[in-house]
$ cat structure20.pdb   # PDB, C-alpha atoms and all ligand atoms
ATOM      1  CA  MET P   1     -10.558  -0.264   8.821  1.00  0.00           C
ATOM      2  CA  GLN P   2      -8.009  -2.188  10.783  1.00  0.00           C
ATOM      3  CA  ASP P   3      -4.270  -1.645  10.858  1.00  0.00           C
ATOM      4  CA  ARG P   4      -2.652  -5.002  11.504  1.00  0.00           C
ATOM      5  CA  GLY P   5       0.719  -3.456  12.190  1.00  0.00           C
ATOM      6  CA  ILE P   6       2.585  -5.381   9.517  1.00  0.00           C
ATOM      7  CA  GLY P   7       2.702  -2.705   6.905  1.00  0.00           C
ATOM      8  CA  CYS P   8      -0.700  -3.448   5.514  1.00  0.00           C
ATOM      9  CA  ILE P   9      -4.209  -2.327   5.910  1.00  0.00           C
ATOM     10  CA  VAL P  10      -6.992  -4.823   5.685  1.00  0.00           C
ATOM     11  CA  GLU P  11     -10.264  -3.133   5.050  1.00  0.00           C
ATOM     12  CA  ARG P  12     -13.544  -4.930   5.243  1.00  0.00           C
ATOM     13  CA  ARG P  13     -16.167  -3.832   2.801  1.00  0.00           C
ATOM     14  CA  MET P  14     -19.281  -5.731   3.660  1.00  0.00           C
ATOM     15  CA  MET P  15     -21.065  -4.348   0.621  1.00  0.00           C
ATOM     16  CA  GLU P  16     -24.322  -4.110   2.471  1.00  0.00           C
ATOM     17  CA  HIS P  17     -26.604  -1.151   2.179  1.00  0.00           C
ATOM     18  CA  SER P  18     -29.435  -1.271   4.613  1.00  0.00           C
ATOM     19  CA  MET P  19     -31.413   1.214   2.546  1.00  0.00           C
ATOM     20  CA  GLU P  20     -31.145  -0.825  -0.644  1.00  0.00           C
ATOM     21  CA  ARG P  21     -33.448  -3.731  -1.314  1.00  0.00           C
ATOM     22  CA  SER P  22     -32.971  -5.862  -4.375  1.00  0.00           C
ATOM     23  CA  VAL P  23     -32.127  -9.370  -5.473  1.00  0.00           C
ATOM     24  CA  GLU P  24     -28.544  -8.189  -5.978  1.00  0.00           C
ATOM     25  CA  HIS P  25     -28.439  -7.068  -2.385  1.00  0.00           C
ATOM     26  CA  ALA P  26     -29.207 -10.626  -1.286  1.00  0.00           C
ATOM     27  CA  VAL P  27     -26.296 -11.875  -3.386  1.00  0.00           C
ATOM     28  CA  THR P  28     -23.745  -9.309  -2.228  1.00  0.00           C
ATOM     29  CA  ALA P  29     -24.814  -9.643   1.386  1.00  0.00           C
ATOM     30  CA  ALA P  30     -23.344 -13.139   1.197  1.00  0.00           C
ATOM     31  CA  THR P  31     -19.947 -11.864   0.083  1.00  0.00           C
ATOM     32  CA  GLU P  32     -17.110 -10.061   1.806  1.00  0.00           C
ATOM     33  CA  VAL P  33     -14.458  -8.171  -0.132  1.00  0.00           C
ATOM     34  CA  HIS P  34     -11.298  -7.481   1.849  1.00  0.00           C
ATOM     35  CA  LEU P  35      -8.874  -4.963   0.437  1.00  0.00           C
ATOM     36  CA  ILE P  36      -5.190  -5.638   1.065  1.00  0.00           C
ATOM     37  CA  ARG P  37      -2.953  -2.726   0.105  1.00  0.00           C
ATOM     38  CA  VAL P  38       0.533  -3.849  -0.887  1.00  0.00           C
ATOM     39  CA  ALA P  39       3.576  -1.945  -2.114  1.00  0.00           C
ATOM     40  CA  ARG P  40       7.068  -2.364  -3.452  1.00  0.00           C
ATOM     41  CA  GLY P  41       9.169   0.628  -4.441  1.00  0.00           C
ATOM     42  CA  PRO P  42       6.988   2.986  -6.445  1.00  0.00           C
ATOM     43  CA  MET P  43       4.340   0.303  -6.993  1.00  0.00           C
ATOM     44  CA  LYS P  44       1.170   0.260  -4.935  1.00  0.00           C
ATOM     45  CA  ASN P  45      -1.326  -2.452  -5.732  1.00  0.00           C
ATOM     46  CA  ASN P  46      -4.731  -3.440  -4.456  1.00  0.00           C
ATOM     47  CA  ASN P  47      -5.075  -7.127  -3.679  1.00  0.00           C
ATOM     48  CA  TYR P  48      -8.483  -8.501  -2.797  1.00  0.00           C
ATOM     49  CA  LEU P  49      -9.663 -11.422  -0.753  1.00  0.00           C
ATOM     50  CA  VAL P  50     -13.225 -12.363  -1.664  1.00  0.00           C
ATOM     51  CA  VAL P  51     -14.959 -14.550   0.900  1.00  0.00           C
ATOM     52  CA  ASP P  52     -18.180 -16.510   0.691  1.00  0.00           C
ATOM     53  CA  ARG P  53     -19.533 -15.619   4.086  1.00  0.00           C
ATOM     54  CA  ALA P  54     -21.465 -18.873   4.583  1.00  0.00           C
ATOM     55  CA  SER P  55     -18.783 -21.409   3.671  1.00  0.00           C
ATOM     56  CA  ARG P  56     -15.706 -19.216   4.420  1.00  0.00           C
ATOM     57  CA  GLN P  57     -14.253 -20.288   1.082  1.00  0.00           C
ATOM     58  CA  ALA P  58     -12.268 -17.533  -0.582  1.00  0.00           C
ATOM     59  CA  VAL P  59     -10.482 -16.443  -3.720  1.00  0.00           C
ATOM     60  CA  LEU P  60      -7.587 -14.012  -3.937  1.00  0.00           C
ATOM     61  CA  VAL P  61      -7.185 -11.468  -6.741  1.00  0.00           C
ATOM     62  CA  ASP P  62      -3.784 -10.474  -8.221  1.00  0.00           C
ATOM     63  CA  PRO P  63      -1.550 -11.201  -5.199  1.00  0.00           C
ATOM     64  CA  ALA P  64       1.754  -9.337  -5.141  1.00  0.00           C
ATOM     65  CA  TRP P  65       4.623  -8.014  -3.068  1.00  0.00           C
ATOM     66  CA  ASP P  66       3.581  -8.754   0.510  1.00  0.00           C
ATOM     67  CA  ALA P  67       2.947 -12.394   1.433  1.00  0.00           C
ATOM     68  CA  ASP P  68       2.765 -11.552   5.139  1.00  0.00           C
ATOM     69  CA  ALA P  69      -0.080  -9.117   4.563  1.00  0.00           C
ATOM     70  CA  ILE P  70      -2.003 -11.623   2.465  1.00  0.00           C
ATOM     71  CA  VAL P  71      -1.507 -14.486   4.899  1.00  0.00           C
ATOM     72  CA  ALA P  72      -2.568 -12.185   7.753  1.00  0.00           C
ATOM     73  CA  ALA P  73      -5.726 -11.275   5.850  1.00  0.00           C
ATOM     74  CA  LEU P  74      -6.529 -14.935   5.284  1.00  0.00           C
ATOM     75  CA  ASP P  75      -5.865 -15.811   8.910  1.00  0.00           C
ATOM     76  CA  GLY P  76      -7.867 -12.808  10.081  1.00  0.00           C
ATOM     77  CA  THR P  77     -10.942 -13.801   8.136  1.00  0.00           C
ATOM     78  CA  GLY P  78     -10.706 -17.493   8.939  1.00  0.00           C
ATOM     79  CA  ALA P  79     -11.227 -18.146   5.239  1.00  0.00           C
ATOM     80  CA  VAL P  80      -9.931 -21.114   3.269  1.00  0.00           C
ATOM     81  CA  LEU P  81      -8.218 -20.107   0.050  1.00  0.00           C
ATOM     82  CA  ARG P  82      -9.679 -22.057  -2.870  1.00  0.00           C
ATOM     83  CA  GLY P  83      -7.954 -20.281  -5.735  1.00  0.00           C
ATOM     84  CA  ILE P  84      -6.145 -17.264  -7.111  1.00  0.00           C
ATOM     85  CA  LEU P  85      -7.596 -15.058  -9.824  1.00  0.00           C
ATOM     86  CA  VAL P  86      -5.125 -13.283 -12.086  1.00  0.00           C
ATOM     87  CA  THR P  87      -6.457 -10.454 -14.226  1.00  0.00           C
ATOM     88  CA  HIS P  88      -3.415 -10.207 -16.495  1.00  0.00           C
ATOM     89  CA  GLY P  89       0.207 -11.160 -16.855  1.00  0.00           C
ATOM     90  CA  HIS P  90       2.053  -8.054 -15.682  1.00  0.00           C
ATOM     91  CA  PRO P  91       4.422  -8.872 -12.818  1.00  0.00           C
ATOM     92  CA  ASP P  92       2.734  -6.590 -10.287  1.00  0.00           C
ATOM     93  CA  HIS P  93      -0.391  -8.758 -10.664  1.00  0.00           C
ATOM     94  CA  THR P  94       1.231 -12.195 -10.769  1.00  0.00           C
ATOM     95  CA  ASP P  95       4.125 -11.744  -8.335  1.00  0.00           C
ATOM     96  CA  LEU P  96       2.889 -14.046  -5.547  1.00  0.00           C
ATOM     97  CA  ALA P  97       0.456 -16.237  -7.493  1.00  0.00           C
ATOM     98  CA  GLY P  98       2.917 -19.120  -7.789  1.00  0.00           C
ATOM     99  CA  PRO P  99       4.215 -19.173  -4.198  1.00  0.00           C
ATOM    100  CA  LEU P 100       0.756 -18.751  -2.668  1.00  0.00           C
ATOM    101  CA  ALA P 101      -0.806 -21.389  -4.929  1.00  0.00           C
ATOM    102  CA  GLN P 102       1.871 -23.770  -3.745  1.00  0.00           C
ATOM    103  CA  ARG P 103       1.466 -22.821  -0.108  1.00  0.00           C
ATOM    104  CA  TYR P 104      -2.316 -23.257  -0.163  1.00  0.00           C
ATOM    105  CA  ALA P 105      -2.422 -26.050  -2.777  1.00  0.00           C
ATOM    106  CA  CYS P 106      -4.937 -24.166  -4.888  1.00  0.00           C
ATOM    107  CA  PRO P 107      -5.318 -23.304  -8.585  1.00  0.00           C
ATOM    108  CA  ILE P 108      -4.233 -20.127 -10.339  1.00  0.00           C
ATOM    109  CA  TRP P 109      -6.950 -19.042 -12.739  1.00  0.00           C
ATOM    110  CA  MET P 110      -5.494 -16.927 -15.526  1.00  0.00           C
ATOM    111  CA  PRO P 111      -6.854 -15.858 -18.926  1.00  0.00           C
ATOM    112  CA  ARG P 112      -5.734 -18.289 -21.606  1.00  0.00           C
ATOM    113  CA  ARG P 113      -4.529 -15.462 -23.856  1.00  0.00           C
ATOM    114  CA  GLU P 114      -2.457 -13.994 -21.038  1.00  0.00           C
ATOM    115  CA  ILE P 115      -0.781 -17.329 -20.343  1.00  0.00           C
ATOM    116  CA  ALA P 116       0.244 -17.436 -23.994  1.00  0.00           C
ATOM    117  CA  ALA P 117       1.231 -13.763 -24.266  1.00  0.00           C
ATOM    118  CA  PHE P 118       3.387 -13.789 -21.120  1.00  0.00           C
ATOM    119  CA  LYS P 119       4.492 -17.444 -21.377  1.00  0.00           C
ATOM    120  CA  TYR P 120       3.388 -17.762 -17.771  1.00  0.00           C
ATOM    121  CA  ALA P 121       3.927 -21.154 -16.194  1.00  0.00           C
ATOM    122  CA  ALA P 122       3.034 -22.632 -12.808  1.00  0.00           C
ATOM    123  CA  PRO P 123       2.093 -26.144 -11.727  1.00  0.00           C
ATOM    124  CA  GLN P 124      -1.385 -25.110 -10.569  1.00  0.00           C
ATOM    125  CA  LEU P 125      -2.252 -23.021 -13.614  1.00  0.00           C
ATOM    126  CA  VAL P 126      -5.812 -23.303 -14.979  1.00  0.00           C
ATOM    127  CA  PRO P 127      -6.630 -21.352 -18.171  1.00  0.00           C
ATOM    128  CA  VAL P 128      -9.707 -19.134 -18.104  1.00  0.00           C
ATOM    129  CA  ASP P 129     -11.858 -18.562 -21.173  1.00  0.00           C
ATOM    130  CA  GLY P 130     -15.329 -17.071 -20.991  1.00  0.00           C
ATOM    131  CA  ALA P 131     -17.176 -19.657 -18.901  1.00  0.00           C
ATOM    132  CA  PRO P 132     -18.240 -18.864 -15.329  1.00  0.00           C
ATOM    133  CA  TRP P 133     -17.543 -21.204 -12.417  1.00  0.00           C
ATOM    134  CA  SER P 134     -18.243 -21.266  -8.699  1.00  0.00           C
ATOM    135  CA  VAL P 135     -16.345 -21.426  -5.434  1.00  0.00           C
ATOM    136  CA  GLY P 136     -18.834 -22.099  -2.662  1.00  0.00           C
ATOM    137  CA  ALA P 137     -21.566 -19.538  -3.289  1.00  0.00           C
ATOM    138  CA  LEU P 138     -19.198 -17.256  -5.192  1.00  0.00           C
ATOM    139  CA  ARG P 139     -20.110 -17.297  -8.876  1.00  0.00           C
ATOM    140  CA  ILE P 140     -17.106 -16.080 -10.830  1.00  0.00           C
ATOM    141  CA  GLU P 141     -17.844 -14.653 -14.271  1.00  0.00           C
ATOM    142  CA  PRO P 142     -14.820 -13.737 -16.383  1.00  0.00           C
ATOM    143  CA  ILE P 143     -15.324 -10.813 -18.758  1.00  0.00           C
ATOM    144  CA  ILE P 144     -12.519 -10.773 -21.307  1.00  0.00           C
ATOM    145  CA  THR P 145     -11.465  -7.160 -21.786  1.00  0.00           C
ATOM    146  CA  PRO P 146      -8.322  -6.855 -23.943  1.00  0.00           C
ATOM    147  CA  GLY P 147      -6.520  -3.590 -24.605  1.00  0.00           C
ATOM    148  CA  HIS P 148      -4.135  -3.063 -21.702  1.00  0.00           C
ATOM    149  CA  THR P 149      -2.797  -6.543 -22.500  1.00  0.00           C
ATOM    150  CA  PRO P 150      -3.945  -9.063 -25.140  1.00  0.00           C
ATOM    151  CA  GLY P 151      -6.227 -11.077 -22.855  1.00  0.00           C
ATOM    152  CA  CYS P 152      -6.699  -9.126 -19.657  1.00  0.00           C
ATOM    153  CA  THR P 153      -9.887 -10.110 -17.937  1.00  0.00           C
ATOM    154  CA  CYS P 154     -12.218  -8.648 -15.336  1.00  0.00           C
ATOM    155  CA  TYR P 155     -13.932 -10.981 -12.868  1.00  0.00           C
ATOM    156  CA  LEU P 156     -17.519 -10.340 -11.795  1.00  0.00           C
ATOM    157  CA  ILE P 157     -18.385 -11.952  -8.464  1.00  0.00           C
ATOM    158  CA  GLY P 158     -21.879 -11.047  -7.323  1.00  0.00           C
ATOM    159  CA  ASP P 159     -21.999  -7.263  -7.398  1.00  0.00           C
ATOM    160  CA  ALA P 160     -18.218  -6.851  -7.307  1.00  0.00           C
ATOM    161  CA  LEU P 161     -16.093  -6.417 -10.410  1.00  0.00           C
ATOM    162  CA  PHE P 162     -12.324  -6.904 -10.142  1.00  0.00           C
ATOM    163  CA  THR P 163     -10.807  -4.960 -12.983  1.00  0.00           C
ATOM    164  CA  GLY P 164      -7.017  -5.214 -12.649  1.00  0.00           C
ATOM    165  CA  ASP P 165      -5.624  -2.525 -14.949  1.00  0.00           C
ATOM    166  CA  VAL P 166      -8.609  -2.371 -17.312  1.00  0.00           C
ATOM    167  CA  LEU P 167     -10.775   0.113 -15.447  1.00  0.00           C
ATOM    168  CA  PHE P 168      -9.771   2.461 -12.631  1.00  0.00           C
ATOM    169  CA  ALA P 169     -12.153   4.788 -10.818  1.00  0.00           C
ATOM    170  CA  GLU P 170     -10.931   7.777 -12.825  1.00  0.00           C
ATOM    171  CA  GLY P 171      -9.309   6.204 -15.867  1.00  0.00           C
ATOM    172  CA  CYS P 172      -8.251   3.039 -17.631  1.00  0.00           C
ATOM    173  CA  GLY P 173      -5.030   1.122 -18.179  1.00  0.00           C
ATOM    174  CA  ILE P 174      -2.442   2.227 -20.694  1.00  0.00           C
ATOM    175  CA  CYS P 175      -2.482   0.674 -24.163  1.00  0.00           C
ATOM    176  CA  PRO P 176       0.674  -0.083 -26.140  1.00  0.00           C
ATOM    177  CA  ASP P 177      -0.607   0.903 -29.592  1.00  0.00           C
ATOM    178  CA  GLU P 178      -3.620   1.948 -31.634  1.00  0.00           C
ATOM    179  CA  GLN P 179      -4.958  -1.558 -32.147  1.00  0.00           C
ATOM    180  CA  ALA P 180      -4.806  -2.171 -28.409  1.00  0.00           C
ATOM    181  CA  ALA P 181      -6.523   1.161 -27.734  1.00  0.00           C
ATOM    182  CA  HIS P 182      -9.329   0.166 -30.101  1.00  0.00           C
ATOM    183  CA  GLN P 183      -9.650  -3.085 -28.179  1.00  0.00           C
ATOM    184  CA  MET P 184      -9.760  -1.153 -24.911  1.00  0.00           C
ATOM    185  CA  PHE P 185     -12.591   1.030 -26.230  1.00  0.00           C
ATOM    186  CA  ASP P 186     -14.546  -2.114 -27.141  1.00  0.00           C
ATOM    187  CA  SER P 187     -13.781  -3.640 -23.738  1.00  0.00           C
ATOM    188  CA  LEU P 188     -15.063  -0.584 -21.868  1.00  0.00           C
ATOM    189  CA  GLU P 189     -18.197  -0.607 -24.019  1.00  0.00           C
ATOM    190  CA  ARG P 190     -18.618  -4.290 -23.116  1.00  0.00           C
ATOM    191  CA  LEU P 191     -18.421  -3.428 -19.424  1.00  0.00           C
ATOM    192  CA  LYS P 192     -20.910  -0.573 -19.846  1.00  0.00           C
ATOM    193  CA  ALA P 193     -23.356  -2.996 -21.462  1.00  0.00           C
ATOM    194  CA  ARG P 194     -22.849  -5.725 -18.874  1.00  0.00           C
ATOM    195  CA  LEU P 195     -22.655  -3.945 -15.514  1.00  0.00           C
ATOM    196  CA  ALA P 196     -25.488  -2.794 -13.314  1.00  0.00           C
ATOM    197  CA  PRO P 197     -25.341   0.748 -11.906  1.00  0.00           C
ATOM    198  CA  HIS P 198     -24.775  -0.615  -8.411  1.00  0.00           C
ATOM    199  CA  THR P 199     -21.885  -2.910  -9.396  1.00  0.00           C
ATOM    200  CA  ARG P 200     -18.867  -2.115  -7.214  1.00  0.00           C
ATOM    201  CA  ILE P 201     -15.567  -1.529  -9.004  1.00  0.00           C
ATOM    202  CA  PHE P 202     -12.404  -2.923  -7.397  1.00  0.00           C
ATOM    203  CA  PRO P 203      -9.360  -1.916  -9.494  1.00  0.00           C
ATOM    204  CA  GLY P 204      -5.758  -3.044  -9.226  1.00  0.00           C
ATOM    205  CA  HIS P 205      -4.562   0.475  -8.402  1.00  0.00           C
ATOM    206  CA  THR P 206      -5.980   3.506  -6.635  1.00  0.00           C
ATOM    207  CA  TYR P 207      -5.298   7.018  -7.910  1.00  0.00           C
ATOM    208  CA  GLY P 208      -7.949   8.996  -6.059  1.00  0.00           C
ATOM    209  CA  LEU P 209     -11.343   7.542  -5.242  1.00  0.00           C
ATOM    210  CA  PRO P 210     -11.086   4.486  -2.978  1.00  0.00           C
ATOM    211  CA  PRO P 211     -11.883   0.995  -4.298  1.00  0.00           C
ATOM    212  CA  GLY P 212     -15.476  -0.169  -4.225  1.00  0.00           C
ATOM    213  CA  GLN P 213     -17.069   2.747  -6.081  1.00  0.00           C
ATOM    214  CA  ARG P 214     -20.466   2.080  -7.628  1.00  0.00           C
ATOM    215  CA  PHE P 215     -20.286   1.816 -11.391  1.00  0.00           C
ATOM    216  CA  ASP P 216     -22.800   4.634 -11.887  1.00  0.00           C
ATOM    217  CA  HIS P 217     -20.486   6.854  -9.818  1.00  0.00           C
ATOM    218  CA  VAL P 218     -17.485   5.777 -11.898  1.00  0.00           C
ATOM    219  CA  MET P 219     -19.487   6.637 -15.028  1.00  0.00           C
ATOM    220  CA  GLN P 220     -19.814  10.183 -13.732  1.00  0.00           C
ATOM    221  CA  HIS P 221     -16.098  10.603 -12.950  1.00  0.00           C
ATOM    222  CA  ASN P 222     -14.320   8.643 -15.662  1.00  0.00           C
ATOM    223  CA  MET P 223     -13.962  10.396 -19.010  1.00  0.00           C
ATOM    224  CA  TYR P 224     -12.595   7.241 -20.653  1.00  0.00           C
ATOM    225  CA  LEU P 225     -16.117   5.806 -20.542  1.00  0.00           C
ATOM    226  CA  HIS P 226     -17.549   8.607 -22.655  1.00  0.00           C
ATOM    227  CA  PHE P 227     -15.690   8.663 -25.958  1.00  0.00           C
ATOM    228  CA  PRO P 228     -17.984   8.357 -28.984  1.00  0.00           C
ATOM    229  CA  ASP P 229     -15.864   5.947 -31.026  1.00  0.00           C
ATOM    230  CA  ARG P 230     -12.682   3.891 -31.184  1.00  0.00           C
ATOM    231  CA  ASP P 231     -10.610   6.503 -32.996  1.00  0.00           C
ATOM    232  CA  ALA P 232     -11.436   9.369 -30.643  1.00  0.00           C
ATOM    233  CA  PHE P 233     -10.696   7.093 -27.709  1.00  0.00           C
ATOM    234  CA  ALA P 234      -7.392   5.889 -29.174  1.00  0.00           C
ATOM    235  CA  ALA P 235      -6.254   9.420 -30.004  1.00  0.00           C
ATOM    236  CA  PHE P 236      -6.724  10.466 -26.384  1.00  0.00           C
ATOM    237  CA  ARG P 237      -5.448   7.254 -24.778  1.00  0.00           C
ATOM    238  CA  LEU P 238      -2.243   7.466 -26.861  1.00  0.00           C
ATOM    239  CA  ARG P 239      -1.825  11.243 -26.646  1.00  0.00           C
ATOM    240  CA  LYS P 240       1.687  12.602 -26.313  1.00  0.00           C
ATOM    241  CA  GLY P 241       3.025  14.059 -23.085  1.00  0.00           C
ATOM    242  CA  GLN P 242       1.735  11.441 -20.632  1.00  0.00           C
ATOM    243  CA  SER P 243       4.290  11.130 -17.870  1.00  0.00           C
ATOM    244  CA  MET P 244       5.470   8.026 -16.070  1.00  0.00           C
ATOM    245  CA  ARG P 245       5.218  10.043 -12.865  1.00  0.00           C
ATOM    246  CA  GLN P 246       1.507  10.491 -13.437  1.00  0.00           C
ATOM    247  CA  LEU P 247       1.129   6.819 -14.275  1.00  0.00           C
ATOM    248  CA  LEU P 248       2.726   5.845 -10.961  1.00  0.00           C
ATOM    249  CA  ALA P 249       0.864   8.420  -8.866  1.00  0.00           C
ATOM    250  CA  PHE P 250      -0.734   5.662  -6.814  1.00  0.00           C
ATOM    251  CA  ARG P 251      -2.433   6.171  -3.505  1.00  0.00           C
TER
HETATM  252 FE    FE P 301      -0.859  -3.974 -15.961  1.00  0.00          FE
END
$ encode --input "structure20.pdb" --output "structure tokens"
Amino acid sequence: MQDRGIGCIVERRMMEHSMERSVEHAVTAATEVHLIRVARGPMKNNNYLVVDRASRQAVLVDPAWDADAIVAALDGTGAVLRGILVTHGHPDHTDLAGPLAQRYACPIWMPRREIAAFKYAAPQLVPVDGAPWSVGALRIEPIITPGHTPGCTCYLIGDALFTGDVLFAEGCGICPDEQAAHQMFDSLERLKARLAPHTRIFPGHTYGLPPGQRFDHVMQHNMYLHFPDRDAFAAFRLRKGQSMRQLLAFR
């Protein structure tokens, strides 16, 4: 971990495990995930710079609040920014997408449903549906996971899943109503069916466990992944007495 002295911490997670041998290991060994912690007021967000180690091409996930920290991370890695991934339309995930896309002349990839729901507009905007695409050796697979918002999307890159506000290490994003909570249940089931146990989870916020937890570890610690059906899930997700203070208890 390296403190760059500009109010940010850039943490390199090389995602290599010398004791693990698998095809997936060969894929993730080619990828670097750099965590950039950013904050404004009570908000604390995790931004991520994902770098293809061979070509030094990179994508940035959900940039917000602190352009200096993000630019420093890019400069520090020597990576060339090829695009910005937006998981959903909430302002703490889109804040710097426009300015940085302009600065680096790169696209903003955003779920099509989120563009419509939030009426988001930017010159470099490219709608994302379900189809994967590549940046250098980075294969980016969008997994559409509505519930927190109508079209919020997780991005699977190698063994790393960037979840925005869909899945946290210990919980999941809030849902505005019962229909959305039902969608969230389905989305979490979709992730459970799709992810490998060793997939690393990189959420938009940290409440306790640091980013980069293995999915099998998250399964053990996250009760939201263990409800038997949509209704039981929705009843708990929408339960009364949840405080804003708890919601904003970021680390
Ligand atoms: Fe959100």
$ resolve_selection --input "structure20.pdb" --expression "the PyMOL selection byres (((chain P and resi 128) around 10) and not hetatm)" --output "ChimeraX atom specification"
/P:85-86,108-115,125-127,129-133,142,144,151,153
$ write_last_selection --input "structure20.pdb" --atoms "C-alpha atoms" --output "PDB file, keeping the file's coordinate frame"
ATOM      1  CA  LEU P  85      -7.596 -15.058  -9.824  1.00  0.00           C
ATOM      2  CA  VAL P  86      -5.125 -13.283 -12.086  1.00  0.00           C
ATOM      3  CA  ILE P 108      -4.233 -20.127 -10.339  1.00  0.00           C
ATOM      4  CA  TRP P 109      -6.950 -19.042 -12.739  1.00  0.00           C
ATOM      5  CA  MET P 110      -5.494 -16.927 -15.526  1.00  0.00           C
ATOM      6  CA  PRO P 111      -6.854 -15.858 -18.926  1.00  0.00           C
ATOM      7  CA  ARG P 112      -5.734 -18.289 -21.606  1.00  0.00           C
ATOM      8  CA  ARG P 113      -4.529 -15.462 -23.856  1.00  0.00           C
ATOM      9  CA  GLU P 114      -2.457 -13.994 -21.038  1.00  0.00           C
ATOM     10  CA  ILE P 115      -0.781 -17.329 -20.343  1.00  0.00           C
ATOM     11  CA  LEU P 125      -2.252 -23.021 -13.614  1.00  0.00           C
ATOM     12  CA  VAL P 126      -5.812 -23.303 -14.979  1.00  0.00           C
ATOM     13  CA  PRO P 127      -6.630 -21.352 -18.171  1.00  0.00           C
ATOM     14  CA  ASP P 129     -11.858 -18.562 -21.173  1.00  0.00           C
ATOM     15  CA  GLY P 130     -15.329 -17.071 -20.991  1.00  0.00           C
ATOM     16  CA  ALA P 131     -17.176 -19.657 -18.901  1.00  0.00           C
ATOM     17  CA  PRO P 132     -18.240 -18.864 -15.329  1.00  0.00           C
ATOM     18  CA  TRP P 133     -17.543 -21.204 -12.417  1.00  0.00           C
ATOM     19  CA  PRO P 142     -14.820 -13.737 -16.383  1.00  0.00           C
ATOM     20  CA  ILE P 144     -12.519 -10.773 -21.307  1.00  0.00           C
ATOM     21  CA  GLY P 151      -6.227 -11.077 -22.855  1.00  0.00           C
ATOM     22  CA  THR P 153      -9.887 -10.110 -17.937  1.00  0.00           C
TER      23      THR P 153
END
$ residues_around --input "structure20.pdb" --residues "P:Phe168" --least-positions-apart "5" --cutoff "9 Å" --atoms "all atoms listed in the file" --output "PyMOL selection string"
chain P and resi 163+173+201-207+211+218+222
$ residues_around --input "structure20.pdb" --residues "P:Pro63" --least-positions-apart "4" --cutoff "10 Å" --atoms "only C-alpha atoms" --output "mmCIF file with C-alpha atoms, keeping the file's coordinate frame"
data_model
loop_
_atom_site.group_PDB
_atom_site.id
_atom_site.type_symbol
_atom_site.label_atom_id
_atom_site.label_comp_id
_atom_site.auth_asym_id
_atom_site.auth_seq_id
_atom_site.Cartn_x
_atom_site.Cartn_y
_atom_site.Cartn_z
ATOM 1 C CA ILE P 36 -5.190 -5.638 1.065
ATOM 2 C CA VAL P 38 0.533 -3.849 -0.887
ATOM 3 C CA ASN P 45 -1.326 -2.452 -5.732
ATOM 4 C CA ASN P 46 -4.731 -3.440 -4.456
ATOM 5 C CA ASN P 47 -5.075 -7.127 -3.679
ATOM 6 C CA TYR P 48 -8.483 -8.501 -2.797
ATOM 7 C CA LEU P 49 -9.663 -11.422 -0.753
ATOM 8 C CA ALA P 67 2.947 -12.394 1.433
ATOM 9 C CA ILE P 70 -2.003 -11.623 2.465
ATOM 10 C CA ILE P 84 -6.145 -17.264 -7.111
ATOM 11 C CA LEU P 85 -7.596 -15.058 -9.824
ATOM 12 C CA VAL P 86 -5.125 -13.283 -12.086
ATOM 13 C CA PRO P 91 4.422 -8.872 -12.818
ATOM 14 C CA ASP P 92 2.734 -6.590 -10.287
ATOM 15 C CA HIS P 93 -0.391 -8.758 -10.664
ATOM 16 C CA THR P 94 1.231 -12.195 -10.769
ATOM 17 C CA ASP P 95 4.125 -11.744 -8.335
ATOM 18 C CA LEU P 96 2.889 -14.046 -5.547
ATOM 19 C CA ALA P 97 0.456 -16.237 -7.493
ATOM 20 C CA GLY P 98 2.917 -19.120 -7.789
ATOM 21 C CA PRO P 99 4.215 -19.173 -4.198
ATOM 22 C CA LEU P 100 0.756 -18.751 -2.668
#
$ residues_near_ligand --input "structure20.pdb" --ligand "ligand FE 301 (chain P)" --cutoff "7 Å" --atoms "all atoms listed in the file" --output "PyMOL selection string"
chain P and resi 88+90+148+165+173
$ atom_distance --input "structure20.pdb" --atom1 "atom CA of P:Leu74" --atom2 "atom CA of P:Val33"
11.7 Å
$ resolve_selection --input "structure20.pdb" --expression "the PyMOL selection byres (((chain P and resi 223-234) around 10) and not hetatm)" --output "ChimeraX atom specification"
/P:167-168,170-172,175,177-186,188-189,191-192,218-222,235-239
$ atom_distance --input "structure20.pdb" --atom1 "atom CA of P:Cys154" --atom2 "atom CA of P:Asp75"
26.1 Å
$ atom_distance --input "structure20.pdb" --atom1 "atom CA of P:Arg214" --atom2 "atom CA of P:Arg200"
4.5 Å
$ axis_aligned_box --input "structure20.pdb" --around "stretch 124-131 of chain P" --padding-each-side "3 Å" --output "JSON"
{"center_x": -9.3, "center_y": -21.1, "center_z": -15.9, "size_x": 21.8, "size_y": 14.0, "size_z": 16.6}
$ closest_residue --input "structure20.pdb" --among "P:Pro123, P:Pro197, P:Pro176, P:Gly147" --to "P:Asp216" --atoms "all atoms listed in the file"
P:Pro197
$ closest_residue --input "structure20.pdb" --among "P:Gln242, P:Gln102, P:Gln213, P:Ser55" --to "P:Thr31" --atoms "only C-alpha atoms"
P:Ser55
$ residues_near_point --input "structure20.pdb" --point "(-12.1, 7.3, -8.3)" --cutoff "6 Å" --atoms "only C-alpha atoms" --output "PyMOL selection string"
chain P and resi 169-170+208-209
$ closest_residue --input "structure20.pdb" --among "P:Ala58, P:Ala196, P:Ala73, P:Ala105" --to "P:Ala160" --atoms "all atoms listed in the file"
P:Ala196
$ closest_residue --input "structure20.pdb" --among "P:Thr199, P:Val61, P:His217, P:Arg139" --to "P:Leu35" --atoms "all atoms listed in the file"
P:Val61
